[in-house]
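**Student:** This is final-v7.txt, which holds compact mmCIF, N, CA and C atoms:
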# COMPACT_ATOMS: atom_id res chain seq x y z
N ASP H 214 130.96 110.32 102.06
CA ASP H 214 129.86 109.91 101.17
C ASP H 214 129.49 108.46 101.44
N MET H 215 128.24 108.18 101.29
CA MET H 215 127.82 106.79 101.41
C MET H 215 126.79 106.52 100.32
N SER H 216 126.58 105.24 100.07
CA SER H 216 125.61 104.85 99.06
C SER H 216 124.37 104.29 99.73
N ALA H 217 123.23 104.67 99.20
CA ALA H 217 121.95 104.10 99.64
C ALA H 217 121.44 103.21 98.52
N GLU H 218 120.75 102.16 98.91
CA GLU H 218 120.19 101.23 97.93
C GLU H 218 118.71 101.55 97.71
N ILE H 219 118.30 101.54 96.45
CA ILE H 219 116.87 101.62 96.14
C ILE H 219 116.43 100.22 95.78
N LEU H 220 115.43 99.71 96.51
CA LEU H 220 114.95 98.35 96.31
C LEU H 220 113.53 98.35 95.76
N THR H 221 113.14 97.22 95.22
CA THR H 221 111.76 97.03 94.81
C THR H 221 111.04 96.19 95.87
N ASP H 222 109.82 96.59 96.19
CA ASP H 222 108.99 95.81 97.12
C ASP H 222 108.41 94.58 96.42
N LEU H 223 108.27 94.70 95.10
CA LEU H 223 107.54 93.69 94.33
C LEU H 223 108.44 92.92 93.38
N PRO H 224 108.09 91.68 93.10
CA PRO H 224 108.75 90.97 92.01
C PRO H 224 108.13 91.44 90.69
N GLY H 225 108.81 91.20 89.59
CA GLY H 225 108.27 91.57 88.28
C GLY H 225 109.38 91.88 87.32
N THR H 226 109.10 92.79 86.38
CA THR H 226 110.08 93.20 85.39
C THR H 226 110.37 94.67 85.60
N PHE H 227 111.66 95.01 85.71
CA PHE H 227 112.07 96.40 85.96
C PHE H 227 112.26 97.14 84.65
N TYR H 228 111.66 98.32 84.56
CA TYR H 228 111.82 99.18 83.38
C TYR H 228 112.34 100.54 83.82
N ARG H 229 113.30 101.06 83.06
CA ARG H 229 113.89 102.36 83.38
C ARG H 229 113.17 103.52 82.73
N SER H 230 112.24 103.25 81.81
CA SER H 230 111.50 104.32 81.14
C SER H 230 110.01 104.03 81.19
N PRO H 231 109.18 105.07 80.96
CA PRO H 231 107.73 104.89 81.03
C PRO H 231 107.16 104.01 79.92
N GLY H 232 107.89 103.88 78.81
CA GLY H 232 107.40 103.06 77.71
C GLY H 232 108.49 102.84 76.68
N PRO H 233 108.27 101.89 75.76
CA PRO H 233 109.27 101.59 74.72
C PRO H 233 109.61 102.84 73.92
N GLY H 234 110.90 103.08 73.73
CA GLY H 234 111.33 104.22 72.93
C GLY H 234 111.30 105.55 73.67
N GLU H 235 110.82 105.55 74.91
CA GLU H 235 110.79 106.80 75.67
C GLU H 235 112.07 106.92 76.49
N PRO H 236 112.47 108.17 76.80
CA PRO H 236 113.70 108.33 77.60
C PRO H 236 113.54 107.75 79.00
N ALA H 237 114.67 107.33 79.57
CA ALA H 237 114.67 106.79 80.94
C ALA H 237 114.24 107.88 81.91
N TYR H 238 113.64 107.46 83.01
CA TYR H 238 113.26 108.41 84.06
C TYR H 238 114.49 109.18 84.54
N VAL H 239 115.56 108.44 84.83
CA VAL H 239 116.81 109.05 85.28
C VAL H 239 117.98 108.27 84.70
N GLN H 240 119.10 108.96 84.59
CA GLN H 240 120.34 108.35 84.10
C GLN H 240 121.35 108.29 85.24
N GLU H 241 122.33 107.42 85.09
CA GLU H 241 123.43 107.40 86.06
C GLU H 241 124.09 108.77 86.03
N GLY H 242 124.37 109.31 87.22
CA GLY H 242 124.98 110.64 87.32
C GLY H 242 123.97 111.74 87.55
N ASP H 243 122.67 111.44 87.38
CA ASP H 243 121.64 112.45 87.62
C ASP H 243 121.44 112.69 89.11
N ALA H 244 121.24 113.95 89.47
CA ALA H 244 120.85 114.29 90.84
C ALA H 244 119.34 114.07 90.96
N ILE H 245 118.92 113.43 92.04
CA ILE H 245 117.49 113.17 92.23
C ILE H 245 117.07 113.63 93.63
N ALA H 246 115.80 113.95 93.73
CA ALA H 246 115.21 114.31 95.02
C ALA H 246 114.62 113.06 95.67
N GLU H 247 114.45 113.11 96.97
CA GLU H 247 113.74 112.03 97.66
C GLU H 247 112.34 111.94 97.04
N GLY H 248 111.90 110.73 96.75
CA GLY H 248 110.58 110.54 96.15
C GLY H 248 110.57 110.53 94.63
N ALA H 249 111.72 110.81 94.01
CA ALA H 249 111.81 110.82 92.55
C ALA H 249 111.57 109.41 92.00
N VAL H 250 110.85 109.33 90.89
CA VAL H 250 110.63 108.04 90.23
C VAL H 250 111.90 107.67 89.47
N ILE H 251 112.42 106.47 89.74
CA ILE H 251 113.64 106.03 89.04
C ILE H 251 113.35 104.92 88.04
N GLY H 252 112.14 104.39 88.09
CA GLY H 252 111.77 103.32 87.18
C GLY H 252 110.44 102.74 87.60
N MET H 253 110.07 101.62 86.98
CA MET H 253 108.84 100.94 87.39
C MET H 253 109.01 99.45 87.30
N VAL H 254 108.20 98.76 88.10
CA VAL H 254 108.19 97.30 88.07
C VAL H 254 106.80 96.87 87.60
N GLU H 255 106.80 96.06 86.55
CA GLU H 255 105.54 95.57 85.99
C GLU H 255 105.28 94.17 86.53
N LEU H 256 104.12 94.01 87.10
CA LEU H 256 103.71 92.72 87.63
C LEU H 256 102.28 92.46 87.17
N MET H 257 102.10 91.44 86.36
CA MET H 257 100.77 91.09 85.86
C MET H 257 100.04 92.30 85.28
N LYS H 258 100.74 93.03 84.39
CA LYS H 258 100.19 94.19 83.67
C LYS H 258 99.93 95.40 84.57
N GLN H 259 100.34 95.32 85.83
CA GLN H 259 100.25 96.48 86.72
C GLN H 259 101.64 97.13 86.76
N PHE H 260 101.68 98.43 86.49
CA PHE H 260 102.96 99.14 86.50
C PHE H 260 103.06 99.92 87.80
N ASN H 261 104.09 99.61 88.57
CA ASN H 261 104.27 100.21 89.89
C ASN H 261 105.53 101.06 89.90
N GLU H 262 105.36 102.35 90.16
CA GLU H 262 106.51 103.25 90.18
C GLU H 262 107.45 102.90 91.32
N VAL H 263 108.74 102.98 91.04
CA VAL H 263 109.76 102.81 92.08
C VAL H 263 110.30 104.20 92.38
N ARG H 264 110.21 104.60 93.64
CA ARG H 264 110.65 105.94 94.04
C ARG H 264 111.88 105.85 94.94
N SER H 265 112.72 106.86 94.80
CA SER H 265 113.91 106.92 95.65
C SER H 265 113.51 107.29 97.07
N THR H 266 114.14 106.63 98.03
CA THR H 266 113.87 106.92 99.43
C THR H 266 114.84 107.98 99.96
N VAL H 267 115.77 108.41 99.11
CA VAL H 267 116.78 109.39 99.51
C VAL H 267 117.00 110.41 98.40
N ALA H 268 117.59 111.55 98.76
CA ALA H 268 118.07 112.51 97.77
C ALA H 268 119.55 112.24 97.55
N GLY H 269 120.01 112.43 96.33
CA GLY H 269 121.43 112.20 96.04
C GLY H 269 121.66 112.13 94.55
N VAL H 270 122.71 111.39 94.18
CA VAL H 270 123.07 111.23 92.77
C VAL H 270 123.04 109.74 92.44
N ILE H 271 122.39 109.40 91.32
CA ILE H 271 122.35 108.00 90.89
C ILE H 271 123.77 107.56 90.56
N GLU H 272 124.27 106.62 91.35
CA GLU H 272 125.63 106.14 91.15
C GLU H 272 125.64 105.12 90.01
N ARG H 273 124.76 104.12 90.14
CA ARG H 273 124.64 103.14 89.06
C ARG H 273 123.39 102.31 89.25
N PHE H 274 122.92 101.79 88.12
CA PHE H 274 121.82 100.83 88.16
C PHE H 274 122.42 99.44 88.29
N VAL H 275 121.87 98.66 89.20
CA VAL H 275 122.35 97.30 89.44
C VAL H 275 121.62 96.34 88.51
N VAL H 276 120.39 96.69 88.16
CA VAL H 276 119.52 95.85 87.33
C VAL H 276 119.35 96.54 85.98
N GLY H 277 119.40 95.78 84.91
CA GLY H 277 119.23 96.33 83.58
C GLY H 277 117.77 96.53 83.22
N ASP H 278 117.54 97.37 82.22
CA ASP H 278 116.20 97.63 81.72
C ASP H 278 115.59 96.34 81.18
N GLY H 279 114.37 96.02 81.61
CA GLY H 279 113.69 94.83 81.12
C GLY H 279 114.08 93.56 81.85
N GLU H 280 114.87 93.68 82.91
CA GLU H 280 115.30 92.49 83.67
C GLU H 280 114.26 92.09 84.70
N ALA H 281 114.15 90.79 84.91
CA ALA H 281 113.26 90.25 85.94
C ALA H 281 113.89 90.48 87.31
N VAL H 282 113.05 90.86 88.27
CA VAL H 282 113.53 91.10 89.64
C VAL H 282 112.63 90.37 90.64
N ASP H 283 113.20 90.05 91.78
CA ASP H 283 112.44 89.51 92.91
C ASP H 283 112.15 90.65 93.87
N ALA H 284 111.22 90.43 94.79
CA ALA H 284 110.99 91.40 95.85
C ALA H 284 112.29 91.63 96.61
N ASP H 285 112.53 92.86 97.02
CA ASP H 285 113.73 93.25 97.78
C ASP H 285 115.02 93.18 96.97
N THR H 286 114.91 93.18 95.64
CA THR H 286 116.10 93.29 94.79
C THR H 286 116.59 94.73 94.80
N VAL H 287 117.90 94.93 94.92
CA VAL H 287 118.47 96.28 94.80
C VAL H 287 118.45 96.67 93.33
N LEU H 288 117.81 97.80 93.02
CA LEU H 288 117.71 98.27 91.63
C LEU H 288 118.81 99.26 91.29
N ALA H 289 119.11 100.14 92.24
CA ALA H 289 120.09 101.20 91.96
C ALA H 289 120.77 101.62 93.25
N LEU H 290 121.94 102.23 93.07
CA LEU H 290 122.68 102.80 94.18
C LEU H 290 122.70 104.31 94.02
N VAL H 291 122.45 105.00 95.13
CA VAL H 291 122.42 106.46 95.12
C VAL H 291 123.49 106.97 96.10
N LYS H 292 124.32 107.87 95.61
CA LYS H 292 125.34 108.48 96.47
C LYS H 292 124.67 109.62 97.24
N VAL H 293 124.72 109.52 98.57
CA VAL H 293 124.12 110.56 99.41
C VAL H 293 125.22 111.24 100.23
N GLY H 294 124.93 112.42 100.72
CA GLY H 294 125.93 113.15 101.51
C GLY H 294 126.73 114.06 100.61
N SER H 295 127.63 114.82 101.21
CA SER H 295 128.38 115.79 100.43
C SER H 295 129.87 115.51 100.50
Mind converting the file's structure to structure tokens?
**Tutor:**
Amino acid sequence: DMSAEILTDLPGTFYRSPGPGEPAYVQEGDAIAEGAVIGMVELMKQFNEVRSTVAGVIERFVVGDGEAVDADTVLALVKVGS
């Protein structure tokens, strides 16, 4: 097994759910497909979906909900392989 990193291309604020009080897109331990939305980064009122580049299981989020991020920040780790 190996871990893949999901990064953000953009700086901004990372959110794990589509809106306040709404459930997170994915939880740690969830199986996800390649291209699955794992969160969004808000930059100047623009909300940009962050998609997984791999299929696997969300191992853990490195960044908390509502945390500021820089471009190329690792947001989450995904366990890939069997």
**Student:** Need the shell around Tyr238 of chain H: protein/DNA/RNA residues with any atom at most 6.5 Å away, counting all atoms listed in the file. Skip same-chain ones fewer than 3 positions apart. Format as a VMD selection string?
**Tutor:** chain H and resid 229 to 231 250 to 252
**Student:** Check the smallest atom-to-atom distance from each of H:Glu262, H:Glu272, H:Asp283, H:Asp278 to Ala249 of chain H using only C-alpha atoms, then report the winner.
**Tutor:**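 Comparing H:Glu262, H:Glu272, H:Asp283, H:Asp278 against Ala249 of chain H, the winner is H:Glu262.
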**Student:** When you count only C-alpha atoms, which of these residues is closest to Gly248 of chain H: H:Ile219, H:Gly234, H:Ala281, H:Val275?
**Tutor:**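 Once distances to Gly248 of chain H are computed over only C-alpha atoms, the minimum belongs to H:Ile219.
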**Student:** Taking the point (120.1, 113.1, 98.4) as given in the file, collect each protein or nucleic acid residue that comes within 8 Å of it, counting all atoms listed in the file, and present the set as a list in words.
**Tutor:**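 The residues that fall inside the cut-off are Ala244, Ile245, Ala246, Glu247, Thr266, Val267, Ala268, Gly269, Val270, Val291, Lys292, Val293 and Gly294 of chain H.
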**Student:** Please measure the separation of atom CA of Val287 of chain H and atom CA of Leu220 of chain H, giving the value in Å to one decimal.
**Tutor:** 4.4 Å
**Student:** Can you measure atom CA of Gly232 of chain H to atom N of Phe260 of chain H for me? One decimal in Å is fine.
**Tutor:** 11.5 Å
